[in-house]
$ cat model.tsv   # TSV, C-alpha atoms
chain	number	residue	atom	x	y	z
W	18	MET	CA	-135.59	30.58	63.42
W	19	LYS	CA	-133.77	29.34	60.37
W	20	ARG	CA	-130.73	28.53	62.45
W	21	LEU	CA	-132.85	26.58	64.92
W	22	GLY	CA	-134.33	24.58	62.04
W	23	VAL	CA	-130.91	23.66	60.63
W	24	ASP	CA	-129.23	22.71	63.90
W	25	PRO	CA	-131.09	19.38	64.34
W	26	VAL	CA	-130.13	18.35	60.80
W	27	ARG	CA	-126.49	19.22	61.41
W	28	ARG	CA	-126.60	17.45	64.75
W	29	GLN	CA	-128.01	14.34	63.08
W	30	ARG	CA	-125.34	14.41	60.37
W	31	LEU	CA	-122.60	14.90	62.96
W	32	GLY	CA	-123.94	11.99	65.00
W	33	SER	CA	-124.09	9.81	61.91
W	34	PHE	CA	-120.53	10.77	60.98
W	35	LEU	CA	-119.21	10.03	64.48
W	36	THR	CA	-121.02	6.68	64.56
W	37	THR	CA	-119.60	5.69	61.17
W	38	PHE	CA	-116.10	6.82	62.14
W	39	THR	CA	-116.27	4.87	65.42
W	40	LEU	CA	-117.45	1.69	63.68
W	41	ILE	CA	-114.69	1.99	61.06
W	42	ALA	CA	-112.08	2.49	63.81
W	43	ILE	CA	-113.34	-0.55	65.74
W	44	THR	CA	-113.34	-2.65	62.55
W	45	ILE	CA	-109.75	-1.66	61.80
W	46	VAL	CA	-108.66	-2.58	65.34
W	47	PHE	CA	-110.29	-6.02	65.09
W	48	PHE	CA	-109.05	-6.77	61.57
W	49	LEU	CA	-105.49	-5.51	62.08
W	50	PRO	CA	-104.23	-8.78	63.67
W	51	ILE	CA	-105.76	-10.79	60.81
W	52	VAL	CA	-104.19	-8.52	58.20
W	53	TRP	CA	-100.87	-8.69	60.03
W	54	ALA	CA	-100.98	-12.51	60.12
W	55	PHE	CA	-101.91	-12.65	56.41
W	56	LEU	CA	-99.01	-10.40	55.43
W	57	MET	CA	-96.60	-12.24	57.73
W	58	SER	CA	-97.50	-15.55	56.08
W	59	PHE	CA	-95.99	-14.27	52.80
W	60	LYS	CA	-92.75	-12.98	54.33
W	61	THR	CA	-89.37	-14.63	54.39
W	62	ARG	CA	-87.78	-15.29	57.75
W	63	VAL	CA	-85.59	-12.20	57.39
W	64	ASP	CA	-88.53	-9.94	56.57
W	65	ALA	CA	-90.63	-11.47	59.37
W	66	LEU	CA	-88.02	-10.57	61.98
W	67	ALA	CA	-87.21	-7.12	60.57
W	68	MET	CA	-87.53	-4.15	62.91
W	69	PRO	CA	-89.37	-1.95	62.28
W	70	PRO	CA	-91.89	-4.28	60.56
W	71	LYS	CA	-91.94	-4.18	56.77
W	72	TRP	CA	-95.27	-3.40	55.11
W	73	PHE	CA	-93.81	-3.59	51.59
W	74	PHE	CA	-91.77	-6.69	50.73
W	75	GLN	CA	-91.24	-9.38	48.12
W	76	PRO	CA	-93.95	-12.00	48.85
W	77	THR	CA	-93.17	-15.71	48.87
W	78	ALA	CA	-95.37	-18.81	49.01
W	79	ALA	CA	-92.66	-20.93	50.65
W	80	ASN	CA	-94.41	-20.84	54.02
W	81	TYR	CA	-97.65	-22.23	52.60
W	82	LYS	CA	-95.72	-24.92	50.72
W	83	ALA	CA	-93.96	-25.94	53.93
W	84	VAL	CA	-97.23	-26.15	55.87
W	85	TRP	CA	-99.25	-27.84	53.13
W	86	GLY	CA	-96.41	-30.25	52.41
W	87	ASP	CA	-96.46	-31.48	55.98
W	88	GLY	CA	-98.64	-34.60	55.92
W	89	ARG	CA	-99.40	-34.27	59.61
W	90	PHE	CA	-101.08	-30.90	59.08
W	91	LEU	CA	-103.58	-32.42	56.65
W	92	ARG	CA	-104.38	-35.15	59.16
W	93	TYR	CA	-104.90	-32.55	61.88
W	94	THR	CA	-107.27	-30.65	59.58
W	95	LYS	CA	-109.27	-33.80	58.91
W	96	ASN	CA	-109.50	-34.55	62.64
W	97	SER	CA	-110.72	-31.03	63.40
W	98	LEU	CA	-113.36	-31.22	60.65
W	99	ILE	CA	-114.66	-34.53	62.00
W	100	ILE	CA	-114.69	-33.42	65.62
W	101	ALA	CA	-116.18	-29.96	64.99
W	102	THR	CA	-118.88	-31.25	62.62
W	103	VAL	CA	-119.96	-34.14	64.84
W	104	SER	CA	-119.83	-32.02	68.01
W	105	THR	CA	-121.98	-29.31	66.41
W	106	GLY	CA	-124.44	-31.83	64.98
W	107	LEU	CA	-124.83	-33.74	68.25
W	108	GLY	CA	-125.07	-30.49	70.19
W	109	LEU	CA	-127.99	-29.32	68.05
W	110	LEU	CA	-129.60	-32.78	67.92
W	111	LEU	CA	-129.60	-33.17	71.69
W	112	GLY	CA	-129.75	-29.56	72.82
W	113	VAL	CA	-132.60	-28.20	70.67
W	114	PRO	CA	-135.32	-30.68	71.81
W	115	ALA	CA	-134.14	-30.28	75.40
W	116	ALA	CA	-134.35	-26.50	75.10
W	117	TYR	CA	-137.87	-26.76	73.66
W	118	SER	CA	-138.98	-28.94	76.58
W	119	LEU	CA	-137.50	-26.48	79.09
W	120	ALA	CA	-139.24	-23.58	77.35
W	121	ARG	CA	-142.69	-25.16	77.13
W	122	HIS	CA	-142.95	-27.25	80.29
W	123	ARG	CA	-142.68	-26.35	83.97
W	124	PHE	CA	-141.66	-28.94	86.54
W	125	LYS	CA	-140.25	-29.12	90.03
W	126	GLY	CA	-136.52	-28.48	90.18
W	127	GLN	CA	-136.39	-26.75	86.79
W	128	ARG	CA	-134.55	-23.70	88.15
W	129	ALA	CA	-131.90	-25.93	89.73
W	130	LEU	CA	-131.54	-27.82	86.44
W	131	LEU	CA	-131.14	-24.59	84.48
W	132	LEU	CA	-128.55	-23.38	86.96
W	133	GLY	CA	-126.68	-26.67	86.57
W	134	ILE	CA	-126.71	-26.28	82.79
W	135	LEU	CA	-125.48	-22.70	83.10
W	136	SER	CA	-122.67	-23.82	85.41
W	137	THR	CA	-121.06	-25.67	82.50
W	138	ARG	CA	-120.36	-22.23	81.03
W	139	MET	CA	-119.25	-20.71	84.32
W	140	ILE	CA	-116.84	-23.41	85.54
W	141	PRO	CA	-113.34	-23.21	83.97
W	142	GLN	CA	-112.66	-25.89	81.40
W	143	VAL	CA	-109.57	-27.07	83.25
W	144	ALA	CA	-111.85	-28.32	86.05
W	145	PHE	CA	-113.22	-31.02	83.71
W	146	VAL	CA	-109.87	-32.17	82.36
W	147	ILE	CA	-108.66	-34.48	85.15
W	148	PRO	CA	-111.98	-36.35	85.71
W	149	PHE	CA	-112.45	-36.88	81.99
W	150	PHE	CA	-108.83	-37.95	81.56
W	151	ILE	CA	-109.21	-40.62	84.27
W	152	ILE	CA	-112.53	-41.86	82.86
W	153	PHE	CA	-111.33	-42.04	79.25
W	154	THR	CA	-108.08	-43.72	80.31
W	155	ARG	CA	-110.01	-46.50	82.02
W	156	LEU	CA	-112.30	-46.82	78.99
W	157	SER	CA	-109.30	-46.85	76.59
W	158	LEU	CA	-110.68	-43.81	74.75
W	159	ASN	CA	-107.62	-41.59	74.99
W	160	ASP	CA	-106.45	-40.17	71.66
W	161	THR	CA	-109.78	-40.85	69.96
W	162	HIS	CA	-112.31	-38.61	68.24
W	163	ALA	CA	-115.04	-39.80	70.61
W	164	ALA	CA	-113.19	-38.55	73.69
W	165	VAL	CA	-112.71	-35.04	72.30
W	166	ILE	CA	-116.28	-34.88	70.99
W	167	ILE	CA	-117.72	-35.82	74.39
W	168	MET	CA	-115.60	-33.18	76.11
W	169	HIS	CA	-116.67	-30.54	73.61
W	170	LEU	CA	-120.31	-31.43	74.19
W	171	THR	CA	-119.95	-30.48	77.87
W	172	ILE	CA	-119.64	-26.87	76.70
W	173	ILE	CA	-121.68	-26.92	73.49
W	174	LEU	CA	-124.82	-28.48	75.00
W	175	GLY	CA	-125.13	-25.85	77.71
W	176	TYR	CA	-124.74	-23.02	75.20
W	177	VAL	CA	-127.25	-24.50	72.73
W	178	MET	CA	-129.86	-25.17	75.40
W	179	TRP	CA	-129.71	-21.66	76.86
W	180	MET	CA	-129.61	-19.98	73.46
W	181	MET	CA	-132.48	-21.96	71.95
W	182	ARG	CA	-134.62	-21.83	75.09
W	183	SER	CA	-134.74	-18.04	74.81
W	184	TYR	CA	-135.78	-18.31	71.13
W	185	PHE	CA	-138.52	-20.83	71.88
W	186	MET	CA	-139.89	-18.72	74.74
W	187	ASP	CA	-140.28	-15.76	72.35
W	188	ILE	CA	-142.45	-17.81	69.98
W	189	PRO	CA	-146.17	-17.26	70.80
W	190	LYS	CA	-147.86	-20.43	72.01
W	191	GLU	CA	-150.91	-19.52	69.91
W	192	ILE	CA	-149.00	-20.49	66.75
W	193	GLU	CA	-148.40	-24.00	68.06
W	194	GLU	CA	-151.97	-24.29	69.34
W	195	ALA	CA	-153.28	-23.35	65.89
W	196	ALA	CA	-151.11	-26.05	64.31
W	197	LEU	CA	-152.43	-28.63	66.77
W	198	VAL	CA	-156.01	-27.61	65.99
W	199	ASP	CA	-155.28	-28.03	62.26
W	200	GLY	CA	-154.31	-31.66	62.89
W	201	CYS	CA	-150.54	-31.53	63.41
W	202	SER	CA	-149.00	-33.74	66.04
W	203	VAL	CA	-146.64	-32.33	68.66
W	204	TRP	CA	-143.63	-33.59	66.69
W	205	GLN	CA	-144.96	-32.11	63.42
W	206	THR	CA	-145.60	-28.79	65.14
W	207	PHE	CA	-142.05	-28.78	66.46
W	208	THR	CA	-140.36	-29.71	63.17
W	209	ARG	CA	-142.60	-27.83	60.70
W	210	ILE	CA	-143.56	-24.72	62.66
W	211	VAL	CA	-141.23	-24.06	65.57
W	212	LEU	CA	-137.89	-24.95	63.98
W	213	PRO	CA	-138.34	-22.80	60.82
W	214	ILE	CA	-139.31	-19.81	62.96
W	215	SER	CA	-136.28	-20.30	65.20
W	216	ALA	CA	-133.88	-20.78	62.29
W	217	PRO	CA	-131.83	-17.67	63.24
W	218	GLY	CA	-131.22	-19.19	66.66
W	219	LEU	CA	-130.24	-22.50	65.11
W	220	GLY	CA	-127.78	-20.76	62.82
W	221	THR	CA	-126.26	-18.73	65.64
W	222	SER	CA	-125.93	-21.81	67.85
W	223	ALA	CA	-124.33	-23.76	65.01
W	224	ILE	CA	-121.82	-20.98	64.30
W	225	PHE	CA	-120.65	-20.60	67.89
W	226	SER	CA	-120.60	-24.34	68.52
W	227	PHE	CA	-118.54	-25.04	65.42
W	228	ILE	CA	-116.10	-22.21	66.11
W	229	PHE	CA	-115.63	-23.33	69.71
W	230	SER	CA	-114.95	-26.92	68.72
W	231	TRP	CA	-112.69	-25.88	65.85
W	232	ASN	CA	-110.57	-23.55	67.99
W	233	GLU	CA	-110.56	-25.53	71.25
W	234	PHE	CA	-107.02	-26.20	72.48
W	235	LEU	CA	-106.94	-27.38	76.10
W	236	TYR	CA	-109.04	-30.55	75.83
W	237	ALA	CA	-107.31	-31.58	72.61
W	238	MET	CA	-103.88	-31.03	74.14
W	239	VAL	CA	-104.65	-33.27	77.14
W	240	MET	CA	-106.70	-35.98	75.44
W	241	THR	CA	-104.82	-36.47	72.15
W	242	THR	CA	-101.30	-37.45	71.19
W	243	VAL	CA	-101.13	-38.59	67.55
W	244	GLU	CA	-104.25	-40.09	66.00
W	245	ALA	CA	-106.87	-37.52	67.08
W	246	LYS	CA	-104.64	-34.45	67.25
W	247	THR	CA	-106.50	-31.34	66.08
W	248	LEU	CA	-105.59	-28.33	63.97
W	249	PRO	CA	-104.86	-25.86	66.82
W	250	LEU	CA	-102.22	-28.26	68.09
W	251	GLY	CA	-100.88	-28.56	64.54
W	252	VAL	CA	-100.54	-24.78	64.36
W	253	TYR	CA	-98.71	-24.79	67.69
W	254	ASN	CA	-96.17	-27.26	66.27
W	255	TRP	CA	-94.50	-24.34	64.51
W	256	VAL	CA	-93.57	-22.87	67.90
W	257	ALA	CA	-90.21	-24.50	68.62
W	258	TYR	CA	-88.22	-24.53	71.86
W	259	GLU	CA	-85.62	-22.01	70.74
W	260	GLU	CA	-87.51	-20.05	68.08
W	261	ILE	CA	-90.89	-19.26	66.62
W	262	MET	CA	-91.20	-19.89	62.89
W	263	TRP	CA	-93.44	-16.90	62.22
W	264	GLY	CA	-93.91	-17.48	58.51
W	265	GLU	CA	-95.07	-21.08	58.86
W	266	LEU	CA	-97.06	-20.27	62.02
W	267	THR	CA	-99.08	-17.49	60.39
W	268	ALA	CA	-99.53	-19.51	57.18
W	269	ALA	CA	-100.97	-22.38	59.22
W	270	SER	CA	-103.22	-19.91	61.05
W	271	VAL	CA	-104.56	-18.47	57.78
W	272	ILE	CA	-105.28	-21.97	56.46
W	273	ALA	CA	-107.05	-22.83	59.72
W	274	MET	CA	-109.39	-19.84	59.29
W	275	ILE	CA	-110.61	-20.86	55.81
W	276	PRO	CA	-113.03	-23.70	56.82
W	277	VAL	CA	-114.64	-21.51	59.50
W	278	ILE	CA	-115.18	-18.69	56.99
W	279	ILE	CA	-116.71	-21.13	54.49
W	280	PHE	CA	-118.97	-22.64	57.17
W	281	TYR	CA	-120.09	-19.17	58.26
W	282	GLY	CA	-120.94	-18.31	54.66
W	283	PHE	CA	-123.29	-21.29	54.38
W	284	VAL	CA	-124.92	-20.69	57.77
W	285	GLN	CA	-125.35	-17.00	57.04
W	286	LYS	CA	-127.59	-17.89	54.09
W	287	ALA	CA	-129.59	-20.14	56.40
W	288	LEU	CA	-130.02	-17.21	58.78
W	289	VAL	CA	-131.55	-15.07	56.03
W	290	ARG	CA	-133.85	-17.91	54.95
W	291	GLY	CA	-134.88	-18.43	58.54
W	292	LEU	CA	-135.80	-14.79	58.96
W	293	THR	CA	-138.01	-14.83	55.84
W	294	MET	CA	-139.53	-18.29	56.50
W	295	GLY	CA	-140.30	-17.34	60.07
W	296	ALA	CA	-142.54	-14.44	59.09
W	297	VAL	CA	-146.13	-14.83	60.24
W	298	LYS	CA	-148.75	-13.63	57.80
W	299	GLY	CA	-151.90	-12.08	59.20

$ encode --input "model.tsv" --output "structure tokens"
Amino acid sequence: MKRLGVDPVRRQRLGSFLTTFTLIAITIVFFLPIVWAFLMSFKTRVDALAMPPKWFFQPTAANYKAVWGDGRFLRYTKNSLIIATVSTGLGLLLGVPAAYSLARHRFKGQRALLLGILSTRMIPQVAFVIPFFIIFTRLSLNDTHAAVIIMHLTIILGYVMWMMRSYFMDIPKEIEEAALVDGCSVWQTFTRIVLPISAPGLGTSAIFSFIFSWNEFLYAMVMTTVEAKTLPLGVYNWVAYEEIMWGELTAASVIAMIPVIIFYGFVQKALVRGLTMGAVKG
């Protein structure tokens, strides 16, 4: 009897240990490329090409000096910040009210419209490149921030609308009806009641939209040449025809990750606030 009473406890501890071990192993696998890139960014060219790879070496900041000293790289960073910020802002500004309307109203052809919105996520991005290139060429918008922002919105809007629609559908209609009875208008109910409750969805949508726009490569490669060139293209500049400058390439990659990490830190706080503000008191 005693043995039977202990077995469930041991089984629970073993399950907890296996779960923890599995999560640690998965974390190591995902973080290993980042750690490798960070270490590579401090290696000299000789150490970077050494076989087998060196884990202990004399670090150098020459790679970061070379990247940061390139004036073009700073311009690419500025372009990416402008494009990613505006694309994310417009995506939320246009997509959130549209998602709320789709969640609260039923109309003929809604399923076809939702399928059309979803298709923007299903169709490969390369399918949009040629039509947009022809349109923007005729409008003289090639190599401009506006062209890249519009192309990014084709992906961001669909994601935001589907993500936020699911959040709005989970919010009980009784909360909005109570606000209307208390004298709030439809707009006040949306901005003061619905949006604070759905703050986690807003934060998640903002994170994925910003990361997509920040990392996007194909549209920027086709639509930009000099003035609106983005950071991913600037990182790719360190891949030459005859060689890959691994030190400078990884240093540029590490620098490119910093704004995303900072942005995620700010939005993560908003997620926590949204979870606490969205609580409904009985």

$ atom_distance --input "model.tsv" --atom1 "atom CA of Lys190 of chain W" --atom2 "atom CA of Ile214 of chain W"
12.5 Å

$ residues_around --input "model.tsv" --residues "Phe150 of chain W" --least-positions-apart "6" --cutoff "10 Å" --atoms "all atoms listed in the file" --output "ChimeraX atom specification"
/W:156,158-159,164,168,236,239-240

$ atom_distance --input "model.tsv" --atom1 "atom CA of Arg138 of chain W" --atom2 "atom CA of Val177 of chain W"
11.0 Å

$ residues_around --input "model.tsv" --residues "His122 of chain W" --least-positions-apart "4" --cutoff "12 Å" --atoms "all atoms listed in the file" --output "PDB file with C-alpha atoms, in the coordinates of the input"
ATOM      1  CA  PRO W 114    -135.320 -30.680  71.810  1.00  0.00           C
ATOM      2  CA  ALA W 115    -134.140 -30.280  75.400  1.00  0.00           C
ATOM      3  CA  ALA W 116    -134.350 -26.500  75.100  1.00  0.00           C
ATOM      4  CA  TYR W 117    -137.870 -26.760  73.660  1.00  0.00           C
ATOM      5  CA  SER W 118    -138.980 -28.940  76.580  1.00  0.00           C
ATOM      6  CA  GLY W 126    -136.520 -28.480  90.180  1.00  0.00           C
ATOM      7  CA  GLN W 127    -136.390 -26.750  86.790  1.00  0.00           C
ATOM      8  CA  ARG W 182    -134.620 -21.830  75.090  1.00  0.00           C
ATOM      9  CA  PHE W 185    -138.520 -20.830  71.880  1.00  0.00           C
ATOM     10  CA  MET W 186    -139.890 -18.720  74.740  1.00  0.00           C
ATOM     11  CA  LYS W 190    -147.860 -20.430  72.010  1.00  0.00           C
TER      12      LYS W 190
END

$ atom_distance --input "model.tsv" --atom1 "atom CA of Arg209 of chain W" --atom2 "atom CA of Ile192 of chain W"
11.5 Å

$ closest_residue --input "model.tsv" --among "W:Ala223, W:Leu135, W:Ala195, W:Leu248" --to "Ser270 of chain W" --atoms "all atoms listed in the file"
W:Leu248

$ closest_residue --input "model.tsv" --among "W:Ile210, W:Val165, W:Val271, W:Leu266" --to "Asn96 of chain W" --atoms "all atoms listed in the file"
W:Val165

$ residues_around --input "model.tsv" --residues "segment 73-80 of chain W" --least-positions-apart "6" --cutoff "9 Å" --atoms "only C-alpha atoms" --output "PyMOL selection string"
chain W and resi 56+58-61+64+264-269

$ closest_residue --input "model.tsv" --among "W:Leu212, W:Val252, W:Trp263, W:Phe207" --to "Leu91 of chain W" --atoms "only C-alpha atoms"
W:Val252

$ residues_near_point --input "model.tsv" --point "(-113.5, -24.6, 81.0)" --cutoff "12 Å" --atoms "all atoms listed in the file" --output "ChimeraX atom specification"
/W:136-147,168-173,229,233-236

$ residues_around --input "model.tsv" --residues "Gly108 of chain W" --least-positions-apart "2" --cutoff "8 Å" --atoms "all atoms listed in the file" --output "list in words"
Ser104, Thr105, Gly106, Leu110, Leu111, Gly112, Val113, Leu170, Ile173, Leu174, Val177 and Ser226 of chain W
